$ cat upload-v3.pdb   # PDB, C-alpha atoms
ATOM      1  CA  MET A   1     107.072  85.244 237.253
ATOM      2  CA  SER A   2     105.848  82.320 235.157
ATOM      3  CA  SER A   3     105.998  82.565 231.377
ATOM      4  CA  HIS A   4     103.318  81.712 228.844
ATOM      5  CA  PRO A   5     103.927  80.295 225.327
ATOM      6  CA  PHE A   6     102.508  83.446 223.731
ATOM      7  CA  ASP A   7     105.129  85.579 225.508
ATOM      8  CA  VAL A   8     107.524  84.893 222.597
ATOM      9  CA  LEU A   9     105.288  86.898 220.267
ATOM     10  CA  THR A  10     107.213  90.149 220.281
ATOM     11  CA  PRO A  11     106.623  92.501 217.339
ATOM     12  CA  ASP A  12     109.855  91.341 215.714
ATOM     13  CA  ALA A  13     108.903  87.680 216.115
ATOM     14  CA  ILE A  14     105.473  88.235 214.572
ATOM     15  CA  ILE A  15     106.942  90.014 211.552
ATOM     16  CA  ASP A  16     109.666  87.369 211.192
ATOM     17  CA  ALA A  17     107.019  84.615 211.201
ATOM     18  CA  VAL A  18     105.015  86.362 208.481
ATOM     19  CA  GLU A  19     108.128  86.839 206.364
ATOM     20  CA  ALA A  20     109.124  83.192 206.896
ATOM     21  CA  ALA A  21     105.777  82.318 205.256
ATOM     22  CA  GLY A  22     106.777  84.197 202.104
ATOM     23  CA  PHE A  23     105.715  87.839 202.611
ATOM     24  CA  VAL A  24     107.692  91.048 202.981
ATOM     25  CA  SER A  25     106.297  93.136 205.825
ATOM     26  CA  ASP A  26     106.342  96.918 206.047
ATOM     27  CA  ALA A  27     106.454  96.501 209.866
ATOM     28  CA  ARG A  28     102.944  97.839 210.498
ATOM     29  CA  LEU A  29     101.369  95.704 213.216
ATOM     30  CA  LEU A  30      97.946  95.724 214.847
ATOM     31  CA  ALA A  31      96.822  93.292 217.550
ATOM     32  CA  LEU A  32      93.243  92.105 216.972
ATOM     33  CA  ASN A  33      90.718  91.075 219.588
ATOM     34  CA  SER A  34      91.351  87.411 220.353
ATOM     35  CA  TYR A  35      91.939  85.519 223.594
ATOM     36  CA  GLU A  36      91.887  81.846 222.658
ATOM     37  CA  ASN A  37      94.582  82.429 220.048
ATOM     38  CA  ARG A  38      96.693  85.474 219.211
ATOM     39  CA  VAL A  39      95.744  87.304 216.021
ATOM     40  CA  TYR A  40      97.455  90.258 214.325
ATOM     41  CA  GLN A  41      97.066  92.353 211.205
ATOM     42  CA  VAL A  42     100.469  92.731 209.564
ATOM     43  CA  GLY A  43     101.238  95.248 206.844
ATOM     44  CA  ILE A  44     102.757  93.934 203.601
ATOM     45  CA  GLU A  45     104.918  96.037 201.301
ATOM     46  CA  ASP A  46     102.866  97.395 198.357
ATOM     47  CA  GLU A  47     100.037  94.944 199.109
ATOM     48  CA  THR A  48      96.985  94.528 201.312
ATOM     49  CA  PRO A  49      97.811  93.583 204.919
ATOM     50  CA  VAL A  50      97.403  89.959 205.985
ATOM     51  CA  ILE A  51      95.977  88.452 209.157
ATOM     52  CA  VAL A  52      98.200  86.040 211.069
ATOM     53  CA  LYS A  53      96.752  83.689 213.685
ATOM     54  CA  PHE A  54      99.009  81.948 216.218
ATOM     55  CA  TYR A  55      97.209  78.941 217.672
ATOM     56  CA  ARG A  56      97.110  78.180 221.368
ATOM     57  CA  PRO A  57      99.600  75.347 221.998
ATOM     58  CA  GLY A  58      98.068  71.953 222.644
ATOM     59  CA  ARG A  59      94.563  72.840 221.511
ATOM     60  CA  TRP A  60      94.659  71.445 217.975
ATOM     61  CA  THR A  61      96.915  68.995 216.197
ATOM     62  CA  GLU A  62      98.326  69.796 212.778
ATOM     63  CA  ASP A  63      95.933  67.221 211.274
ATOM     64  CA  GLN A  64      92.964  68.972 212.878
ATOM     65  CA  LEU A  65      94.106  72.364 211.615
ATOM     66  CA  ARG A  66      94.692  71.103 208.086
ATOM     67  CA  GLU A  67      91.234  69.509 208.102
ATOM     68  CA  GLU A  68      89.691  72.819 209.179
ATOM     69  CA  HIS A  69      91.567  74.610 206.390
ATOM     70  CA  SER A  70      90.585  71.990 203.830
ATOM     71  CA  PHE A  71      86.921  72.466 204.774
ATOM     72  CA  SER A  72      87.297  76.235 204.307
ATOM     73  CA  GLU A  73      88.859  75.669 200.885
ATOM     74  CA  GLU A  74      85.979  73.376 199.850
ATOM     75  CA  LEU A  75      83.545  76.142 200.729
ATOM     76  CA  VAL A  76      85.509  78.786 198.824
ATOM     77  CA  ASP A  77      85.720  76.460 195.802
ATOM     78  CA  ALA A  78      81.914  76.311 195.920
ATOM     79  CA  GLU A  79      81.866  80.147 195.842
ATOM     80  CA  ILE A  80      80.559  80.406 199.384
ATOM     81  CA  PRO A  81      81.720  83.600 201.187
ATOM     82  CA  VAL A  82      84.134  82.078 203.691
ATOM     83  CA  VAL A  83      87.575  83.471 204.533
ATOM     84  CA  ALA A  84      89.994  80.586 203.955
ATOM     85  CA  PRO A  85      93.723  80.480 204.813
ATOM     86  CA  ILE A  86      96.380  81.669 202.393
ATOM     87  CA  ILE A  87      98.059  78.700 200.718
ATOM     88  CA  SER A  88     101.845  79.028 200.462
ATOM     89  CA  GLU A  89     103.860  78.282 197.336
ATOM     90  CA  ASN A  90     104.570  74.791 198.661
ATOM     91  CA  GLY A  91     100.874  74.137 199.275
ATOM     92  CA  GLU A  92     100.908  74.643 203.058
ATOM     93  CA  THR A  93      98.467  76.514 205.272
ATOM     94  CA  VAL A  94      99.950  75.510 208.643
ATOM     95  CA  HIS A  95     103.341  77.002 209.544
ATOM     96  CA  ARG A  96     105.537  76.721 212.630
ATOM     97  CA  TRP A  97     107.365  79.428 214.565
ATOM     98  CA  GLY A  98     109.272  77.842 217.409
ATOM     99  CA  GLU A  99     106.688  75.892 219.403
ATOM    100  CA  LEU A 100     103.747  77.753 217.886
ATOM    101  CA  LEU A 101     101.651  76.810 214.867
ATOM    102  CA  TYR A 102     100.293  79.679 212.809
ATOM    103  CA  THR A 103      98.282  80.458 209.687
ATOM    104  CA  LEU A 104      97.884  83.503 207.443
ATOM    105  CA  PHE A 105      94.558  84.774 206.133
ATOM    106  CA  PRO A 106      93.549  87.511 203.693
ATOM    107  CA  ARG A 107      92.101  90.593 205.336
ATOM    108  CA  ARG A 108      88.348  90.931 204.833
ATOM    109  CA  GLY A 109      86.385  93.999 205.895
ATOM    110  CA  GLY A 110      82.873  94.141 207.259
ATOM    111  CA  HIS A 111      80.802  94.413 210.416
ATOM    112  CA  ALA A 112      78.648  92.106 212.518
ATOM    113  CA  PRO A 113      75.225  91.431 210.969
ATOM    114  CA  GLU A 114      72.049  92.913 212.400
ATOM    115  CA  PHE A 115      70.181  89.860 213.648
ATOM    116  CA  ASP A 116      66.994  91.878 214.156
ATOM    117  CA  ASN A 117      66.807  92.494 210.391
ATOM    118  CA  LEU A 118      64.697  89.702 208.837
ATOM    119  CA  ASP A 119      66.251  90.198 205.405
ATOM    120  CA  ASN A 120      69.666  89.608 206.954
ATOM    121  CA  LEU A 121      68.415  86.425 208.610
ATOM    122  CA  LEU A 122      67.213  85.142 205.251
ATOM    123  CA  VAL A 123      70.684  85.712 203.772
ATOM    124  CA  LEU A 124      72.342  84.065 206.768
ATOM    125  CA  GLY A 125      70.061  81.061 206.396
ATOM    126  CA  ARG A 126      70.871  80.743 202.700
ATOM    127  CA  THR A 127      74.602  80.938 203.358
ATOM    128  CA  LEU A 128      74.502  78.343 206.116
ATOM    129  CA  GLY A 129      72.336  76.094 203.963
ATOM    130  CA  ARG A 130      75.067  76.177 201.333
ATOM    131  CA  ILE A 131      77.782  75.564 203.949
ATOM    132  CA  HIS A 132      75.918  72.589 205.391
ATOM    133  CA  ALA A 133      75.181  71.129 201.963
ATOM    134  CA  ILE A 134      78.955  70.928 201.460
ATOM    135  CA  GLY A 135      79.492  69.842 205.064
ATOM    136  CA  ALA A 136      77.175  66.862 204.612
ATOM    137  CA  THR A 137      79.055  65.452 201.623
ATOM    138  CA  LYS A 138      81.718  63.708 203.721
ATOM    139  CA  PRO A 139      82.782  63.379 207.382
ATOM    140  CA  PHE A 140      85.626  64.871 209.347
ATOM    141  CA  SER A 141      88.385  62.453 210.305
ATOM    142  CA  TYR A 142      90.185  64.523 212.947
ATOM    143  CA  ARG A 143      87.939  67.363 214.081
ATOM    144  CA  PRO A 144      85.921  66.805 217.298
ATOM    145  CA  ARG A 145      82.258  65.962 217.712
ATOM    146  CA  LEU A 146      79.952  68.037 219.895
ATOM    147  CA  GLU A 147      79.854  66.249 223.256
ATOM    148  CA  GLY A 148      77.402  67.733 225.727
ATOM    149  CA  GLN A 149      78.253  65.539 228.688
ATOM    150  CA  ALA A 150      81.932  66.423 228.374
ATOM    151  CA  ILE A 151      81.016  70.124 228.675
ATOM    152  CA  ILE A 152      79.131  69.469 231.918
ATOM    153  CA  ASP A 153      81.912  67.265 233.292
ATOM    154  CA  GLU A 154      84.553  69.893 232.566
ATOM    155  CA  SER A 155      82.565  72.525 234.415
ATOM    156  CA  ARG A 156      82.090  70.259 237.429
ATOM    157  CA  ASN A 157      85.794  69.377 237.514
ATOM    158  CA  LEU A 158      87.213  72.877 236.995
ATOM    159  CA  LEU A 159      84.999  75.343 238.778
ATOM    160  CA  PRO A 160      83.862  74.420 242.313
ATOM    161  CA  GLU A 161      87.268  73.994 243.979
ATOM    162  CA  ASN A 162      89.164  76.930 242.529
ATOM    163  CA  PHE A 163      86.839  79.665 241.318
ATOM    164  CA  ILE A 164      83.374  79.657 242.895
ATOM    165  CA  PRO A 165      83.072  81.491 246.245
ATOM    166  CA  ALA A 166      82.532  79.004 249.088
ATOM    167  CA  GLU A 167      79.092  80.369 249.963
ATOM    168  CA  LEU A 168      77.846  79.741 246.391
ATOM    169  CA  LYS A 169      79.499  76.383 245.767
ATOM    170  CA  THR A 170      76.606  74.203 246.971
ATOM    171  CA  ALA A 171      74.075  76.213 244.962
ATOM    172  CA  TYR A 172      76.141  75.842 241.801
ATOM    173  CA  VAL A 173      76.869  72.125 242.162
ATOM    174  CA  THR A 174      73.243  71.326 242.986
ATOM    175  CA  LEU A 175      72.001  73.341 240.023
ATOM    176  CA  LEU A 176      74.510  71.675 237.700
ATOM    177  CA  ASP A 177      73.256  68.270 238.855
ATOM    178  CA  ASP A 178      69.654  69.319 238.112
ATOM    179  CA  LEU A 179      70.643  70.615 234.683
ATOM    180  CA  GLU A 180      72.541  67.436 233.919
ATOM    181  CA  ARG A 181      69.476  65.291 234.639
ATOM    182  CA  GLU A 182      67.293  67.574 232.524
ATOM    183  CA  LEU A 183      69.727  67.727 229.623
ATOM    184  CA  ALA A 184      70.755  64.059 229.531
ATOM    185  CA  PRO A 185      67.904  62.769 227.284
ATOM    186  CA  LYS A 186      68.315  65.588 224.753
ATOM    187  CA  ILE A 187      72.100  65.219 224.709
ATOM    188  CA  ALA A 188      71.626  61.513 224.019
ATOM    189  CA  GLN A 189      69.238  62.321 221.144
ATOM    190  CA  MET A 190      71.644  64.863 219.658
ATOM    191  CA  GLU A 191      74.631  62.573 219.845
ATOM    192  CA  SER A 192      72.805  59.540 218.453
ATOM    193  CA  GLY A 193      72.734  61.097 214.975
ATOM    194  CA  ALA A 194      75.593  61.142 212.509
ATOM    195  CA  GLY A 195      75.922  64.934 212.451
ATOM    196  CA  ILE A 196      77.551  66.923 209.679
ATOM    197  CA  ARG A 197      80.562  69.204 209.302
ATOM    198  CA  ILE A 198      79.564  72.658 210.569
ATOM    199  CA  HIS A 199      81.137  76.040 211.359
ATOM    200  CA  GLY A 200      80.634  75.432 215.076
ATOM    201  CA  ASP A 201      80.676  78.988 216.470
ATOM    202  CA  CYS A 202      78.268  81.200 214.516
ATOM    203  CA  HIS A 203      78.096  84.254 216.729
ATOM    204  CA  GLY A 204      78.051  87.755 215.262
ATOM    205  CA  GLY A 205      81.780  88.283 215.746
ATOM    206  CA  ASN A 206      82.528  85.466 213.308
ATOM    207  CA  ILE A 207      80.424  86.938 210.496
ATOM    208  CA  LEU A 208      81.518  89.984 208.498
ATOM    209  CA  TRP A 209      78.557  91.672 206.802
ATOM    210  CA  ARG A 210      79.425  93.604 203.670
ATOM    211  CA  ASP A 211      77.434  94.491 200.541
ATOM    212  CA  ASP A 212      74.472  92.367 201.713
ATOM    213  CA  THR A 213      76.769  89.345 201.970
ATOM    214  CA  ALA A 214      77.547  87.325 205.101
ATOM    215  CA  ASN A 215      81.259  86.466 205.050
ATOM    216  CA  PHE A 216      81.941  83.670 207.539
ATOM    217  CA  VAL A 217      85.335  83.763 209.259
ATOM    218  CA  ASP A 218      87.195  81.772 211.917
ATOM    219  CA  LEU A 219      86.300  78.112 211.505
ATOM    220  CA  ASP A 220      88.533  77.431 214.505
ATOM    221  CA  ASP A 221      85.691  75.540 216.219
ATOM    222  CA  CYS A 222      84.430  73.591 213.214
ATOM    223  CA  MET A 223      83.173  70.191 214.290
ATOM    224  CA  THR A 224      80.753  67.374 213.644
ATOM    225  CA  ALA A 225      77.388  68.319 215.139
ATOM    226  CA  PRO A 226      73.687  68.801 214.371
ATOM    227  CA  ALA A 227      72.922  71.628 211.958
ATOM    228  CA  ILE A 228      70.996  73.575 214.613
ATOM    229  CA  GLN A 229      74.275  74.340 216.432
ATOM    230  CA  ASP A 230      75.045  76.808 213.625
ATOM    231  CA  LEU A 231      71.549  78.316 213.578
ATOM    232  CA  TRP A 232      70.313  78.922 217.104
ATOM    233  CA  MET A 233      72.688  81.811 217.920
ATOM    234  CA  PHE A 234      70.853  84.024 215.417
ATOM    235  CA  LEU A 235      67.761  83.952 217.672
ATOM    236  CA  SER A 236      66.982  86.373 220.493
ATOM    237  CA  GLY A 237      64.103  87.915 222.396
ATOM    238  CA  GLU A 238      60.802  86.400 223.468
ATOM    239  CA  PRO A 239      59.678  83.022 222.065
ATOM    240  CA  HIS A 240      57.279  84.558 219.536
ATOM    241  CA  GLU A 241      60.069  86.853 218.291
ATOM    242  CA  GLN A 242      62.445  83.915 217.996
ATOM    243  CA  GLU A 243      59.856  81.970 216.003
ATOM    244  CA  ILE A 244      59.594  84.805 213.468
ATOM    245  CA  GLN A 245      63.403  84.963 213.230
ATOM    246  CA  LEU A 246      63.649  81.194 212.939
ATOM    247  CA  GLY A 247      61.127  81.192 210.109
ATOM    248  CA  GLU A 248      63.303  83.533 208.053
ATOM    249  CA  VAL A 249      66.513  81.623 208.758
ATOM    250  CA  ILE A 250      65.004  78.243 207.844
ATOM    251  CA  ALA A 251      63.268  79.649 204.743
ATOM    252  CA  GLY A 252      66.657  80.688 203.394
ATOM    253  CA  TYR A 253      68.388  77.549 204.651
ATOM    254  CA  GLU A 254      65.985  75.171 202.910
ATOM    255  CA  GLU A 255      66.651  76.761 199.533
ATOM    256  CA  PHE A 256      69.903  74.774 199.667
ATOM    257  CA  PHE A 257      69.660  72.090 202.355
ATOM    258  CA  GLU A 258      66.866  70.301 204.168
ATOM    259  CA  PHE A 259      66.331  71.138 207.827
ATOM    260  CA  ASP A 260      65.183  68.418 210.232
ATOM    261  CA  PRO A 261      62.487  69.938 212.531
ATOM    262  CA  LYS A 262      63.338  67.551 215.372
ATOM    263  CA  GLU A 263      66.469  69.633 215.922
ATOM    264  CA  LEU A 264      64.280  72.459 217.267
ATOM    265  CA  HIS A 265      64.047  70.403 220.475
ATOM    266  CA  TRP A 266      67.770  70.962 221.041
ATOM    267  CA  ILE A 267      67.967  74.768 220.882
ATOM    268  CA  GLU A 268      67.677  75.416 224.622
ATOM    269  CA  THR A 269      69.940  72.459 225.354
ATOM    270  CA  LEU A 270      72.648  73.990 223.189
ATOM    271  CA  ARG A 271      72.094  77.431 224.693
ATOM    272  CA  THR A 272      72.493  75.959 228.191
ATOM    273  CA  LEU A 273      75.653  74.092 227.255
ATOM    274  CA  ARG A 274      77.171  77.276 225.821
ATOM    275  CA  ILE A 275      76.522  79.173 229.053
ATOM    276  CA  ILE A 276      78.113  76.382 231.087
ATOM    277  CA  ARG A 277      81.041  76.050 228.700
ATOM    278  CA  TYR A 278      81.882  79.752 228.740
ATOM    279  CA  ALA A 279      82.577  79.752 232.486
ATOM    280  CA  ALA A 280      84.648  76.581 232.202
ATOM    281  CA  TRP A 281      86.605  78.115 229.299
ATOM    282  CA  LEU A 282      87.569  81.108 231.443
ATOM    283  CA  ALA A 283      88.689  78.786 234.236
ATOM    284  CA  ARG A 284      90.697  76.603 231.872
ATOM    285  CA  ARG A 285      92.550  79.636 230.478
ATOM    286  CA  TRP A 286      93.150  81.467 233.756
ATOM    287  CA  ASP A 287      96.897  80.762 233.671
ATOM    288  CA  ASP A 288      97.125  82.891 230.506
ATOM    289  CA  PRO A 289      97.999  86.414 231.767
ATOM    290  CA  ALA A 290      95.601  87.942 229.234
ATOM    291  CA  PHE A 291      92.570  86.402 230.941
ATOM    292  CA  PRO A 292      92.764  87.892 234.459
ATOM    293  CA  LYS A 293      93.364  91.281 232.825
ATOM    294  CA  ALA A 294      90.441  90.973 230.409
ATOM    295  CA  PHE A 295      87.981  89.255 232.755
ATOM    296  CA  PRO A 296      88.790  90.581 236.268
ATOM    297  CA  TRP A 297      85.200  89.973 237.383
ATOM    298  CA  PHE A 298      85.356  86.218 236.747
ATOM    299  CA  ASN A 299      86.043  85.013 240.281
ATOM    300  CA  SER A 300      83.921  87.652 241.997
ATOM    301  CA  GLU A 301      80.854  86.839 244.068
ATOM    302  CA  ARG A 302      78.732  89.105 241.845
ATOM    303  CA  TYR A 303      79.670  87.181 238.703
ATOM    304  CA  TRP A 304      78.858  83.802 240.206
ATOM    305  CA  SER A 305      75.565  85.006 241.668
ATOM    306  CA  ASP A 306      74.553  86.285 238.230
ATOM    307  CA  HIS A 307      75.805  83.116 236.538
ATOM    308  CA  ILE A 308      73.770  80.886 238.855
ATOM    309  CA  LEU A 309      70.701  83.060 238.257
ATOM    310  CA  GLU A 310      71.213  82.807 234.493
ATOM    311  CA  LEU A 311      71.416  79.018 234.710
ATOM    312  CA  ARG A 312      68.268  78.874 236.861
ATOM    313  CA  GLU A 313      66.428  80.929 234.250
ATOM    314  CA  GLN A 314      67.772  78.601 231.585
ATOM    315  CA  PHE A 315      66.519  75.598 233.578
ATOM    316  CA  SER A 316      63.041  77.159 233.421
ATOM    317  CA  ARG A 317      63.342  77.663 229.666
ATOM    318  CA  LEU A 318      64.097  73.978 229.258
ATOM    319  CA  GLN A 319      60.572  73.285 230.560
ATOM    320  CA  GLU A 320      58.889  75.617 228.060
ATOM    321  CA  PRO A 321      57.336  74.577 224.717
ATOM    322  CA  VAL A 322      59.711  74.069 221.812
ATOM    323  CA  LEU A 323      59.934  76.871 219.253
ATOM    324  CA  ARG A 324      57.674  76.344 216.239
ATOM    325  CA  LEU A 325      58.425  76.867 212.584
ATOM    326  CA  LEU A 326      55.850  79.416 211.437
TER     327      LEU A 326
END

$ encode --input "upload-v3.pdb" --output "C-alpha cells"
Amino acid sequence: MSSHPFDVLTPDAIIDAVEAAGFVSDARLLALNSYENRVYQVGIEDETPVIVKFYRPGRWTEDQLREEHSFSEELVDAEIPVVAPIISENGETVHRWGELLYTLFPRRGGHAPEFDNLDNLLVLGRTLGRIHAIGATKPFSYRPRLEGQAIIDESRNLLPENFIPAELKTAYVTLLDDLERELAPKIAQMESGAGIRIHGDCHGGNILWRDDTANFVDLDDCMTAPAIQDLWMFLSGEPHEQEIQLGEVIAGYEEFFEFDPKELHWIETLRTLRIIRYAAWLARRWDDPAFPKAFPWFNSERYWSDHILELREQFSRLQEPVLRLL
C-alpha cells in the first residue's frame, strides 16, 4: 500500500509539532474539514485552542507562504477582520515538521454569511474594498497570478485519459475546445491588466460571520488578479437577482476602493474557469487517500454527465448580456 506525506500526521506528531512551535498542549485534538491541506484544532493548557495547518507538500514554497502571511499581517495592522498566523517568539510564521511545513492560527468563531441578506452583502463589499485598497499598494513577488489558459490546459491534460468515461470523452473534449475559443478574448483582457493582491477564494466557507462582522480566513489562495475574482462568488440566482446583489456589494466596496465596471465582463468567465478547475483539482489530488473516500462519485458516469451539462449551461451564459450595476 502506497504512503502519502500526510500519513505521518498521527495525533502524537500533531501535538509534538504544536509544542515545537512554543505551545503546551492539553492533548485535545479535533480534525477540521480540509482536503487540500490538513487542519486541526489543538487544545492548549489554560488557554484558547489554536488551529494548526499542515501544507500540502510541493504546493507552495516557503517564500510564497511567508508572502501570504505578510499580506495577512498588513490587513490586520489596518484593523481589517482577517485571521492572520500566530507569530512565534523568533518572528516566524512558517514552521517545519519533518518534510511538512505548517503554521498556527488563533481560533476564531463564526458561521458562513447569508449571501441572500443585502445588509450582509454591503458589509462584505466594504470589507473587501478595504482589503483591496491595501492589496493595491504594492505587488506580490512570489505568489501566483490568475492564469485562465493554464486552468483549461490542466483540465485537458489531466481528465480525458484517466477519469472521464470513454463514452463521454469526445463530448467533454469538444465542449472544452468550444469553451476555450469563447473564453480566450476575455482571458486575454483579464490578464493584460496589472491586477492587485487579492484573497483569491472568497466562498462562504472562508468567511466567518460574527457580530455583523465578516472575518476573512484562509488566504491560502491569495494571488494577483482582477478585483472581481473576490466579488463574483457572492452572487447567485437569476440575472436580475444578481444585479441587485451586485449593487449592494459594489456600494460597500466603493466606500473604500474604486471598482472598474469593465470587470463585470469577466464574471461568467471566472465562474466557468472555477467549474473547470474544480474537476481538475479532484483529478490532481486523486492519489491522496482522502479524496477517493470523500468524493467517491468523481469518476462515475453520472458525475461526468452532470458536469458536461453544467458546462454547456455555462457556455450559454457566456452569450448572455453582462450584469449591470443598478

$ residues_around --input "upload-v3.pdb" --residues "Gly129 (chain A)" --least-positions-apart "6" --cutoff "10 Å" --atoms "all atoms listed in the file" --output "MDAnalysis selection string"
chainID A and resid 123 135 227 231 249:259

$ atom_distance --input "upload-v3.pdb" --atom1 "CA of Ile308 (chain A)" --atom2 "CA of Glu191 (chain A)"
26.4 Å

$ axis_aligned_box --input "upload-v3.pdb" --around "region 26-43 of chain A" --padding-each-side "6 Å" --output "lines of an AutoDock Vina configuration file"
center_x = 98.6
center_y = 89.8
center_z = 214.8
size_x = 27.7
size_y = 28.0
size_z = 29.5

$ resolve_selection --input "upload-v3.pdb" --expression "the PyMOL selection byres ((chain A and resi 46) around 12)" --output "list in words"
Phe23, Val24, Ser25, Asp26, Gly43, Ile44, Glu45, Glu47, Thr48, Pro49 and Val50 of chain A

$ atom_distance --input "upload-v3.pdb" --atom1 "CA of Glu68 (chain A)" --atom2 "CA of Arg96 (chain A)"
16.7 Å

$ atom_distance --input "upload-v3.pdb" --atom1 "CA of Phe291 (chain A)" --atom2 "CA of Gln314 (chain A)"
26.0 Å

$ resolve_selection --input "upload-v3.pdb" --expression "the PyMOL selection byres ((chain A and resi 32) around 12)" --output "VMD selection string"
chain A and resid 29 to 31 33 to 42 50 to 54 107

$ resolve_selection --input "upload-v3.pdb" --expression "the PyMOL selection byres ((chain A and resi 322) around 8)" --output "list of chain:residue names"
A:Leu264, A:His265, A:Glu320, A:Pro321, A:Leu323, A:Arg324

$ write_last_selection --input "upload-v3.pdb" --atoms "C-alpha atoms" --output "PDB file, in the frame of the given file"
ATOM      1  CA  LEU A 264      64.280  72.459 217.267  1.00  0.00           C
ATOM      2  CA  HIS A 265      64.047  70.403 220.475  1.00  0.00           C
ATOM      3  CA  GLU A 320      58.889  75.617 228.060  1.00  0.00           C
ATOM      4  CA  PRO A 321      57.336  74.577 224.717  1.00  0.00           C
ATOM      5  CA  LEU A 323      59.934  76.871 219.253  1.00  0.00           C
ATOM      6  CA  ARG A 324      57.674  76.344 216.239  1.00  0.00           C
TER       7      ARG A 324
END

$ closest_atom_pairs --input "upload-v3.pdb" --of "region 7-100 of chain A" --to "region 202-210 of chain A" --cutoff "10 Å" --atoms "all atoms listed in the file" --output "Markdown table"
| residue | atom | partner | partner_atom | distance |
| --- | --- | --- | --- | --- |
| A:Pro81 | CA | A:Leu208 | CA | 9.7 |
| A:Val82 | CA | A:Ile207 | CA | 9.1 |
| A:Val83 | CA | A:Leu208 | CA | 9.7 |

$ closest_residue --input "upload-v3.pdb" --among "A:Ile151, A:Leu146, A:Ile198, A:Ala188" --to "Ile134 (chain A)" --atoms "all atoms listed in the file"
A:Ile198

$ closest_residue --input "upload-v3.pdb" --among "A:Thr269, A:Gly125, A:Lys138, A:Leu118" --to "Ala184 (chain A)" --atoms "all atoms listed in the file"
A:Thr269

$ closest_residue --input "upload-v3.pdb" --among "A:Leu9, A:Cys222, A:Leu158, A:Met233" --to "Arg277 (chain A)" --atoms "only C-alpha atoms"
A:Leu158

$ residues_around --input "upload-v3.pdb" --residues "region 88-94 of chain A" --least-positions-apart "2" --cutoff "9 Å" --atoms "all atoms listed in the file" --output "PyMOL selection string"
chain A and resi 21-22+62+65-66+69+85-86+96+101-104

$ residues_near_point --input "upload-v3.pdb" --point "(94.6, 85.3, 233.7)" --cutoff "12 Å" --atoms "all atoms listed in the file" --output "short mmCIF file (atom, residue, chain, number, x, y, z; two decimals) with C-alpha atoms, in the coordinates of the input"
data_model
loop_
_atom_site.label_atom_id
_atom_site.label_comp_id
_atom_site.auth_asym_id
_atom_site.auth_seq_id
_atom_site.Cartn_x
_atom_site.Cartn_y
_atom_site.Cartn_z
CA SER A 2 105.85 82.32 235.16
CA SER A 3 106.00 82.56 231.38
CA HIS A 4 103.32 81.71 228.84
CA TYR A 35 91.94 85.52 223.59
CA GLU A 36 91.89 81.85 222.66
CA TRP A 281 86.60 78.11 229.30
CA LEU A 282 87.57 81.11 231.44
CA ALA A 283 88.69 78.79 234.24
CA ARG A 284 90.70 76.60 231.87
CA ARG A 285 92.55 79.64 230.48
CA TRP A 286 93.15 81.47 233.76
CA ASP A 287 96.90 80.76 233.67
CA ASP A 288 97.12 82.89 230.51
CA PRO A 289 98.00 86.41 231.77
CA ALA A 290 95.60 87.94 229.23
CA PHE A 291 92.57 86.40 230.94
CA PRO A 292 92.76 87.89 234.46
CA LYS A 293 93.36 91.28 232.82
CA ALA A 294 90.44 90.97 230.41
CA PHE A 295 87.98 89.26 232.76
CA PRO A 296 88.79 90.58 236.27
CA TRP A 297 85.20 89.97 237.38
CA PHE A 298 85.36 86.22 236.75
CA ASN A 299 86.04 85.01 240.28
#

$ closest_residue --input "upload-v3.pdb" --among "A:Trp97, A:Pro165, A:Ser70, A:Thr127" --to "Asp16 (chain A)" --atoms "all atoms listed in the file"
A:Trp97

$ closest_residue --input "upload-v3.pdb" --among "A:Gly148, A:Gly200, A:Gly195, A:Pro106" --to "Leu183 (chain A)" --atoms "only C-alpha atoms"
A:Gly148

$ closest_residue --input "upload-v3.pdb" --among "A:Val76, A:Leu311, A:Ile131, A:Val8" --to "Leu179 (chain A)" --atoms "only C-alpha atoms"
A:Leu311

$ residues_around --input "upload-v3.pdb" --residues "Ile244 (chain A)" --least-positions-apart "2" --cutoff "12 Å" --atoms "all atoms listed in the file" --output "PyMOL selection string"
chain A and resi 115-119+121-122+234-242+246-251+323-326

$ write_last_selection --input "upload-v3.pdb" --atoms "C-alpha atoms" --output "JSON list (two decimals), in the frame of the given file"
[["chain", "number", "residue", "atom", "x", "y", "z"],
["A", 115, "PHE", "CA", 70.18, 89.86, 213.65],
["A", 116, "ASP", "CA", 66.99, 91.88, 214.16],
["A", 117, "ASN", "CA", 66.81, 92.49, 210.39],
["A", 118, "LEU", "CA", 64.70, 89.70, 208.84],
["A", 119, "ASP", "CA", 66.25, 90.20, 205.40],
["A", 121, "LEU", "CA", 68.42, 86.42, 208.61],
["A", 122, "LEU", "CA", 67.21, 85.14, 205.25],
["A", 234, "PHE", "CA", 70.85, 84.02, 215.42],
["A", 235, "LEU", "CA", 67.76, 83.95, 217.67],
["A", 236, "SER", "CA", 66.98, 86.37, 220.49],
["A", 237, "GLY", "CA", 64.10, 87.92, 222.40],
["A", 238, "GLU", "CA", 60.80, 86.40, 223.47],
["A", 239, "PRO", "CA", 59.68, 83.02, 222.06],
["A", 240, "HIS", "CA", 57.28, 84.56, 219.54],
["A", 241, "GLU", "CA", 60.07, 86.85, 218.29],
["A", 242, "GLN", "CA", 62.44, 83.92, 218.00],
["A", 246, "LEU", "CA", 63.65, 81.19, 212.94],
["A", 247, "GLY", "CA", 61.13, 81.19, 210.11],
["A", 248, "GLU", "CA", 63.30, 83.53, 208.05],
["A", 249, "VAL", "CA", 66.51, 81.62, 208.76],
["A", 250, "ILE", "CA", 65.00, 78.24, 207.84],
["A", 251, "ALA", "CA", 63.27, 79.65, 204.74],
["A", 323, "LEU", "CA", 59.93, 76.87, 219.25],
["A", 324, "ARG", "CA", 57.67, 76.34, 216.24],
["A", 325, "LEU", "CA", 58.42, 76.87, 212.58],
["A", 326, "LEU", "CA", 55.85, 79.42, 211.44]]
